[in-house]
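Chemist: Below is the file structure.pdb, which contains PDB, C-alpha atoms and all ligand atoms.
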```pdb
ATOM      1  CA  MET K   1       0.000   0.000   0.000  1.00  0.00           C
ATOM      2  CA  PRO K   2       1.465   3.371  -0.928  1.00  0.00           C
ATOM      3  CA  ILE K   3       2.195   6.071   1.607  1.00  0.00           C
ATOM      4  CA  TYR K   4       0.467   9.336   0.801  1.00  0.00           C
ATOM      5  CA  GLU K   5       1.420  12.735   2.120  1.00  0.00           C
ATOM      6  CA  TYR K   6      -1.053  15.283   3.414  1.00  0.00           C
ATOM      7  CA  MET K   7      -0.455  18.832   4.545  1.00  0.00           C
ATOM      8  CA  CYS K   8      -2.531  21.047   6.851  1.00  0.00           C
ATOM      9  CA  PRO K   9      -2.815  24.859   6.521  1.00  0.00           C
ATOM     10  CA  GLU K  10      -0.069  25.192   9.163  1.00  0.00           C
ATOM     11  CA  GLY K  11       2.323  23.315   6.914  1.00  0.00           C
ATOM     12  CA  HIS K  12       2.501  20.111   8.983  1.00  0.00           C
ATOM     13  CA  VAL K  13       3.043  17.003   6.885  1.00  0.00           C
ATOM     14  CA  VAL K  14       1.108  13.859   7.764  1.00  0.00           C
ATOM     15  CA  ASN K  15       1.965  10.527   6.141  1.00  0.00           C
ATOM     16  CA  GLU K  16      -0.679   7.823   5.876  1.00  0.00           C
ATOM     17  CA  TYR K  17      -0.876   4.419   4.274  1.00  0.00           C
ATOM     18  CA  ARG K  18      -3.851   4.381   1.938  1.00  0.00           C
ATOM     19  CA  THR K  19      -5.158   2.192  -0.809  1.00  0.00           C
ATOM     20  CA  VAL K  20      -5.256   4.054  -4.115  1.00  0.00           C
ATOM     21  CA  ASP K  21      -9.060   4.219  -3.883  1.00  0.00           C
ATOM     22  CA  GLU K  22      -8.880   5.773  -0.430  1.00  0.00           C
ATOM     23  CA  ARG K  23      -6.130   8.290  -1.094  1.00  0.00           C
ATOM     24  CA  GLU K  24      -8.549  11.260  -1.160  1.00  0.00           C
ATOM     25  CA  ARG K  25      -9.774  10.419   2.362  1.00  0.00           C
ATOM     26  CA  VAL K  26      -7.726  13.116   4.102  1.00  0.00           C
ATOM     27  CA  PRO K  27      -6.631  12.610   7.713  1.00  0.00           C
ATOM     28  CA  GLU K  28      -6.909  15.225  10.432  1.00  0.00           C
ATOM     29  CA  CYS K  29      -3.585  16.814  11.347  1.00  0.00           C
ATOM     30  CA  TYR K  30      -2.258  16.423  14.897  1.00  0.00           C
ATOM     31  CA  CYS K  31      -2.860  20.186  15.304  1.00  0.00           C
ATOM     32  CA  GLY K  32      -6.577  19.680  14.623  1.00  0.00           C
ATOM     33  CA  HIS K  33      -6.791  21.121  11.109  1.00  0.00           C
ATOM     34  CA  LEU K  34      -7.959  19.148   8.133  1.00  0.00           C
ATOM     35  CA  THR K  35      -5.245  18.269   5.638  1.00  0.00           C
ATOM     36  CA  LYS K  36      -4.984  18.345   1.865  1.00  0.00           C
ATOM     37  CA  LYS K  37      -3.295  15.677  -0.219  1.00  0.00           C
ATOM     38  CA  VAL K  38       0.098  16.843  -1.469  1.00  0.00           C
ATOM     39  CA  ILE K  39       2.784  15.173  -3.517  1.00  0.00           C
ATOM     40  CA  LEU K  40       6.194  15.795  -1.945  1.00  0.00           C
ATOM     41  CA  SER K  41       7.624  12.543  -3.239  1.00  0.00           C
ATOM     42  CA  PRO K  42       6.112  10.052  -5.674  1.00  0.00           C
ATOM     43  CA  PRO K  43       4.041   7.376  -3.918  1.00  0.00           C
ATOM     44  CA  ARG K  44       5.496   3.880  -4.080  1.00  0.00           C
ATOM     45  CA  VAL K  45       2.994   1.711  -5.874  1.00  0.00           C
ATOM     46  CA  PHE K  46       3.289  -2.027  -6.244  1.00  0.00           C
ATOM     47  CA  SER K  47       1.398  -2.988  -9.346  1.00  0.00           C
ATOM     48  CA  ASP K  48       1.746  -5.094 -12.441  1.00  0.00           C
ATOM     49  CA  TYR K  49       4.096  -2.443 -13.689  1.00  0.00           C
ATOM     50  CA  GLU K  50       6.787  -0.867 -11.547  1.00  0.00           C
ATOM     51  CA  GLY K  51       6.151   2.884 -11.364  1.00  0.00           C
ATOM     52  CA  TYR K  52       8.527   5.454 -12.742  1.00  0.00           C
ATOM     53  CA  GLU K  53       8.709   9.159 -13.362  1.00  0.00           C
ATOM     54  CA  SER K  54       7.992  10.065 -16.942  1.00  0.00           C
ATOM     55  CA  PRO K  55      11.196  11.564 -18.368  1.00  0.00           C
ATOM     56  CA  VAL K  56       9.076  13.838 -20.593  1.00  0.00           C
ATOM     57  CA  SER K  57       6.100  14.987 -18.518  1.00  0.00           C
ATOM     58  CA  GLY K  58       7.668  14.470 -15.083  1.00  0.00           C
ATOM     59  CA  LYS K  59       4.466  12.767 -13.982  1.00  0.00           C
ATOM     60  CA  TRP K  60       4.491   9.601 -11.889  1.00  0.00           C
ATOM     61  CA  ILE K  61       3.552   6.622 -14.046  1.00  0.00           C
ATOM     62  CA  ALA K  62       2.127   3.925 -11.799  1.00  0.00           C
ATOM     63  CA  GLY K  63       0.814   1.295 -14.177  1.00  0.00           C
ATOM     64  CA  ARG K  64       0.362   0.065 -17.700  1.00  0.00           C
ATOM     65  CA  ARG K  65      -2.627   2.287 -18.361  1.00  0.00           C
ATOM     66  CA  ALA K  66      -0.882   5.373 -17.015  1.00  0.00           C
ATOM     67  CA  ARG K  67       2.101   4.524 -19.222  1.00  0.00           C
ATOM     68  CA  VAL K  68      -0.009   4.227 -22.363  1.00  0.00           C
ATOM     69  CA  GLU K  69      -1.709   7.543 -21.504  1.00  0.00           C
ATOM     70  CA  ASP K  70       1.614   9.262 -20.859  1.00  0.00           C
ATOM     71  CA  LEU K  71       3.119   7.986 -24.101  1.00  0.00           C
ATOM     72  CA  LYS K  72       0.057   9.218 -25.983  1.00  0.00           C
ATOM     73  CA  GLN K  73       0.063  12.641 -24.332  1.00  0.00           C
ATOM     74  CA  THR K  74       3.788  13.210 -24.794  1.00  0.00           C
ATOM     75  CA  GLY K  75       3.914  11.770 -28.302  1.00  0.00           C
ATOM     76  CA  CYS K  76       6.563   9.234 -27.257  1.00  0.00           C
ATOM     77  CA  ARG K  77       7.199   5.600 -28.058  1.00  0.00           C
ATOM     78  CA  PRO K  78       8.469   2.794 -25.837  1.00  0.00           C
ATOM     79  CA  TYR K  79      12.189   2.086 -25.705  1.00  0.00           C
ATOM     80  CA  GLU K  80      13.674  -0.143 -28.382  1.00  0.00           C
ATOM     81  CA  ALA K  81      16.343  -2.835 -28.013  1.00  0.00           C
ATOM     82  CA  GLY K  82      19.513  -1.447 -26.446  1.00  0.00           C
ATOM     83  CA  GLU K  83      17.774   1.600 -25.037  1.00  0.00           C
ATOM     84  CA  ARG K  84      16.109  -0.752 -22.609  1.00  0.00           C
ATOM     85  CA  GLN K  85      19.356  -1.581 -20.761  1.00  0.00           C
ATOM     86  CA  GLU K  86      20.051   2.090 -20.210  1.00  0.00           C
ATOM     87  CA  PHE K  87      16.497   2.580 -18.972  1.00  0.00           C
ATOM     88  CA  GLU K  88      16.836  -0.340 -16.533  1.00  0.00           C
ATOM     89  CA  ARG K  89      20.137   0.981 -15.228  1.00  0.00           C
ATOM     90  CA  ARG K  90      18.574   4.364 -14.516  1.00  0.00           C
ATOM     91  CA  ARG K  91      15.431   2.829 -13.067  1.00  0.00           C
ATOM     92  CA  VAL K  92      17.450   0.912 -10.481  1.00  0.00           C
ATOM     93  CA  ALA K  93      19.208   4.142  -9.485  1.00  0.00           C
ATOM     94  CA  VAL K  94      15.875   5.998  -9.268  1.00  0.00           C
ATOM     95  CA  ASP K  95      14.375   3.162  -7.195  1.00  0.00           C
ATOM     96  CA  ARG K  96      17.247   3.381  -4.745  1.00  0.00           C
ATOM     97  CA  GLU K  97      16.732   7.149  -4.455  1.00  0.00           C
ATOM     98  CA  LEU K  98      13.010   6.641  -3.898  1.00  0.00           C
ATOM     99  CA  ASP K  99      13.508   4.069  -1.162  1.00  0.00           C
ATOM    100  CA  LYS K 100      15.861   6.484   0.558  1.00  0.00           C
ATOM    101  CA  THR K 101      13.394   9.354   0.190  1.00  0.00           C
ATOM    102  CA  VAL K 102      10.471   7.342   1.576  1.00  0.00           C
ATOM    103  CA  ASP K 103      12.591   6.206   4.523  1.00  0.00           C
ATOM    104  CA  GLU K 104      13.599   9.779   5.226  1.00  0.00           C
ATOM    105  CA  VAL K 105      10.045  11.110   4.940  1.00  0.00           C
ATOM    106  CA  VAL K 106       8.695   8.432   7.283  1.00  0.00           C
ATOM    107  CA  GLU K 107      11.500   9.000   9.763  1.00  0.00           C
ATOM    108  CA  ARG K 108      11.034  12.783   9.652  1.00  0.00           C
ATOM    109  CA  SER K 109       7.295  12.362  10.119  1.00  0.00           C
ATOM    110  CA  MET K 110       7.749  10.033  13.110  1.00  0.00           C
ATOM    111  CA  GLU K 111      10.164  12.507  14.653  1.00  0.00           C
ATOM    112  CA  SER K 112       7.785  15.436  14.199  1.00  0.00           C
ATOM    113  CA  LEU K 113       4.899  13.394  15.592  1.00  0.00           C
ATOM    114  CA  THR K 114       6.796  12.499  18.740  1.00  0.00           C
ATOM    115  CA  GLN K 115       7.404  16.200  19.366  1.00  0.00           C
ATOM    116  CA  HIS K 116       3.666  16.887  19.736  1.00  0.00           C
ATOM    117  CA  ASP K 117       1.442  15.451  22.457  1.00  0.00           C
ATOM    118  CA  GLU K 118      -1.512  15.955  20.134  1.00  0.00           C
ATOM    119  CA  GLY K 119       0.254  13.624  17.748  1.00  0.00           C
ATOM    120  CA  SER K 120      -0.590  10.457  19.624  1.00  0.00           C
ATOM    121  CA  ASP K 121      -3.750   9.751  17.624  1.00  0.00           C
ATOM    122  CA  ALA K 122      -2.037  10.259  14.313  1.00  0.00           C
ATOM    123  CA  ARG K 123       0.966   8.281  15.496  1.00  0.00           C
ATOM    124  CA  GLN K 124      -1.159   5.325  16.506  1.00  0.00           C
ATOM    125  CA  GLN K 125      -2.893   5.502  13.175  1.00  0.00           C
ATOM    126  CA  LEU K 126       0.461   5.495  11.437  1.00  0.00           C
ATOM    127  CA  MET K 127       1.629   2.485  13.473  1.00  0.00           C
ATOM    128  CA  ARG K 128      -1.502   0.527  12.687  1.00  0.00           C
ATOM    129  CA  GLY K 129      -0.900   1.286   9.035  1.00  0.00           C
TER     130      GLY K 129
HETATM  131 ZN    ZN B 201      -1.194  20.794  11.417  1.00  0.00          ZN
END
```
What's the structure tokens form of this structure?
Ligand SMILES: [Zn+2]

Modeler:
Amino acid sequence: MPIYEYMCPEGHVVNEYRTVDERERVPECYCGHLTKKVILSPPRVFSDYEGYESPVSGKWIAGRRARVEDLKQTGCRPYEAGERQEFERRRVAVDRELDKTVDEVVERSMESLTQHDEGSDARQQLMRG
């Protein structure tokens, strides 16, 4: 399940695990405000097709359908033989970066939650996943 990021009007960032269908269900911030969904880092999605950032549009491509749409909208074609190896090499590097980013975001969020007493509800929610 991907982790989505939400931000309240005070600028607090709340991370929640959500199914894709439930991603618009915004959590309440530990300060009491309602949050809005934001994209600070691309959500990690485990699907039939490993997600990637479109090199042309910069959008996060999370599945086969999104890929077909992106190719159509950007007027691109899939990689051909030989290009594929280069793509794979970069994808592995991007994946490593992403894993690091997600770890950092989660860690930062846990740290900020432990600094607020009001954070206990949100923290428990985060733990339950
Ligand atoms: Zn807040």

Chemist: Need to verify the contact set: range 68-73 of chain K, 10 Å, all atoms listed in the file, exclusion of same-chain residues closer than 3 positions in sequence. Can you return it as a list in words?

Modeler: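 Answer for this query is Ser54, Val56, Ser57, Gly58, Lys59, Trp60, Ile61, Gly63, Arg64, Arg65, Cys76, Arg77 and Pro78 of chain K.
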
Chemist: Which residue gives the smallest distance to ligand ZN 201 (chain B) among K:Pro2, K:Ser112, K:Arg91, K:Gly75, with only C-alpha atoms and all ligand atoms counted?

Modeler: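 With only C-alpha atoms and all ligand atoms as the atom set, the closest residue is K:Ser112.
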
Chemist: Per residue of chain K within 7 Å of ligand ZN 201 (chain B), note the shortest atom pair and the distance in Å to one decimal, counting all atoms listed in the file, and order the rows by chain and increasing residue number, as JSON lines.

Modeler:
```
{"residue": "K:Cys8", "atom": "CA", "partner": "B:ZN201", "partner_atom": "ZN", "distance": 4.8}
{"residue": "K:Pro9", "atom": "CA", "partner": "B:ZN201", "partner_atom": "ZN", "distance": 6.6}
{"residue": "K:Glu10", "atom": "CA", "partner": "B:ZN201", "partner_atom": "ZN", "distance": 5.1}
{"residue": "K:Gly11", "atom": "CA", "partner": "B:ZN201", "partner_atom": "ZN", "distance": 6.2}
{"residue": "K:His12", "atom": "CA", "partner": "B:ZN201", "partner_atom": "ZN", "distance": 4.5}
{"residue": "K:Cys29", "atom": "CA", "partner": "B:ZN201", "partner_atom": "ZN", "distance": 4.6}
{"residue": "K:Tyr30", "atom": "CA", "partner": "B:ZN201", "partner_atom": "ZN", "distance": 5.7}
{"residue": "K:Cys31", "atom": "CA", "partner": "B:ZN201", "partner_atom": "ZN", "distance": 4.3}
{"residue": "K:Gly32", "atom": "CA", "partner": "B:ZN201", "partner_atom": "ZN", "distance": 6.4}
{"residue": "K:His33", "atom": "CA", "partner": "B:ZN201", "partner_atom": "ZN", "distance": 5.6}
```

Chemist: List the residues matched by the PyMOL selection byres (((chain K and resi 102) around 9) and not hetatm) in the displayed structure as a PDB file with C-alpha atoms, in the frame of the given file, ordered by chain and then by residue number.

Modeler:
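Saved result, expr.pdb, follows:
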```pdb
ATOM      1  CA  ILE K   3       2.195   6.071   1.607  1.00  0.00           C
ATOM      2  CA  SER K  41       7.624  12.543  -3.239  1.00  0.00           C
ATOM      3  CA  PRO K  42       6.112  10.052  -5.674  1.00  0.00           C
ATOM      4  CA  PRO K  43       4.041   7.376  -3.918  1.00  0.00           C
ATOM      5  CA  ARG K  44       5.496   3.880  -4.080  1.00  0.00           C
ATOM      6  CA  GLU K  97      16.732   7.149  -4.455  1.00  0.00           C
ATOM      7  CA  LEU K  98      13.010   6.641  -3.898  1.00  0.00           C
ATOM      8  CA  ASP K  99      13.508   4.069  -1.162  1.00  0.00           C
ATOM      9  CA  LYS K 100      15.861   6.484   0.558  1.00  0.00           C
ATOM     10  CA  THR K 101      13.394   9.354   0.190  1.00  0.00           C
ATOM     11  CA  ASP K 103      12.591   6.206   4.523  1.00  0.00           C
ATOM     12  CA  GLU K 104      13.599   9.779   5.226  1.00  0.00           C
ATOM     13  CA  VAL K 105      10.045  11.110   4.940  1.00  0.00           C
ATOM     14  CA  VAL K 106       8.695   8.432   7.283  1.00  0.00           C
ATOM     15  CA  GLU K 107      11.500   9.000   9.763  1.00  0.00           C
TER      16      GLU K 107
END
```

Chemist: Hey, what's within 8 Å of Met7 in chain K if we count all atoms listed in the file and toss same-chain stuff fewer than 5 positions away? As a ChimeraX atom specification, please?

Modeler: /K:12-14,29,35-38

Chemist: Could you dump the residues just selected with C-alpha atoms as a PDB file, in the frame of the given file?

Modeler:
```
ATOM      1  CA  HIS K  12       2.501  20.111   8.983  1.00  0.00           C
ATOM      2  CA  VAL K  13       3.043  17.003   6.885  1.00  0.00           C
ATOM      3  CA  VAL K  14       1.108  13.859   7.764  1.00  0.00           C
ATOM      4  CA  CYS K  29      -3.585  16.814  11.347  1.00  0.00           C
ATOM      5  CA  THR K  35      -5.245  18.269   5.638  1.00  0.00           C
ATOM      6  CA  LYS K  36      -4.984  18.345   1.865  1.00  0.00           C
ATOM      7  CA  LYS K  37      -3.295  15.677  -0.219  1.00  0.00           C
ATOM      8  CA  VAL K  38       0.098  16.843  -1.469  1.00  0.00           C
TER       9      VAL K  38
END
```

Chemist: Taking all listed atoms of range 54-63 of chain K, build the axis-aligned box, pad each of the six sides by 4 Å, then write its centre and edge lengths in Å to one decimal as JSON.

Modeler:
```
{"center_x": 6.0, "center_y": 8.1, "center_z": -16.2, "size_x": 18.4, "size_y": 21.7, "size_z": 16.8}
```

Chemist: Just give me the gap between CA of Thr74 in chain K and CA of Asp95 in chain K in Å, one decimal is fine.

Modeler: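 So the answer is 22.9 Å.
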
Chemist: Which of these, K:Leu40, K:Tyr6, K:Glu53, K:Glu111, has the shortest distance to Phe87 in chain K once you count all atoms listed in the file?

Modeler: K:Glu53

Chemist: Work out how far CA of Glu5 in chain K is from CA of Tyr17 in chain K, in Å to one decimal.

Modeler: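 Value for the CA of Tyr17 in chain K-CA of Glu5 in chain K distance: 8.9 Å.
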
Chemist: Between CA of Asn15 in chain K and CA of Pro27 in chain K, what distance in Å does the model show, to one decimal?

Modeler: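 Straight-line distance from CA of Asn15 in chain K to CA of Pro27 in chain K works out to 9.0 Å.
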
Chemist: Find, counting all atoms listed in the file, the residue in K:Ile39, K:Gln85, K:Glu80, K:Tyr4 that gets nearest to Arg23 in chain K.

Modeler: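 Looking at the shortest contact to Arg23 in chain K, the residue is K:Tyr4.
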
Chemist: Which residue is closest to Gly51 in chain K? Choose from K:Arg67, K:Arg108, K:Arg89, K:Arg96 and count only C-alpha atoms.

Modeler: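 Looking at the shortest contact to Gly51 in chain K, the residue is K:Arg67.
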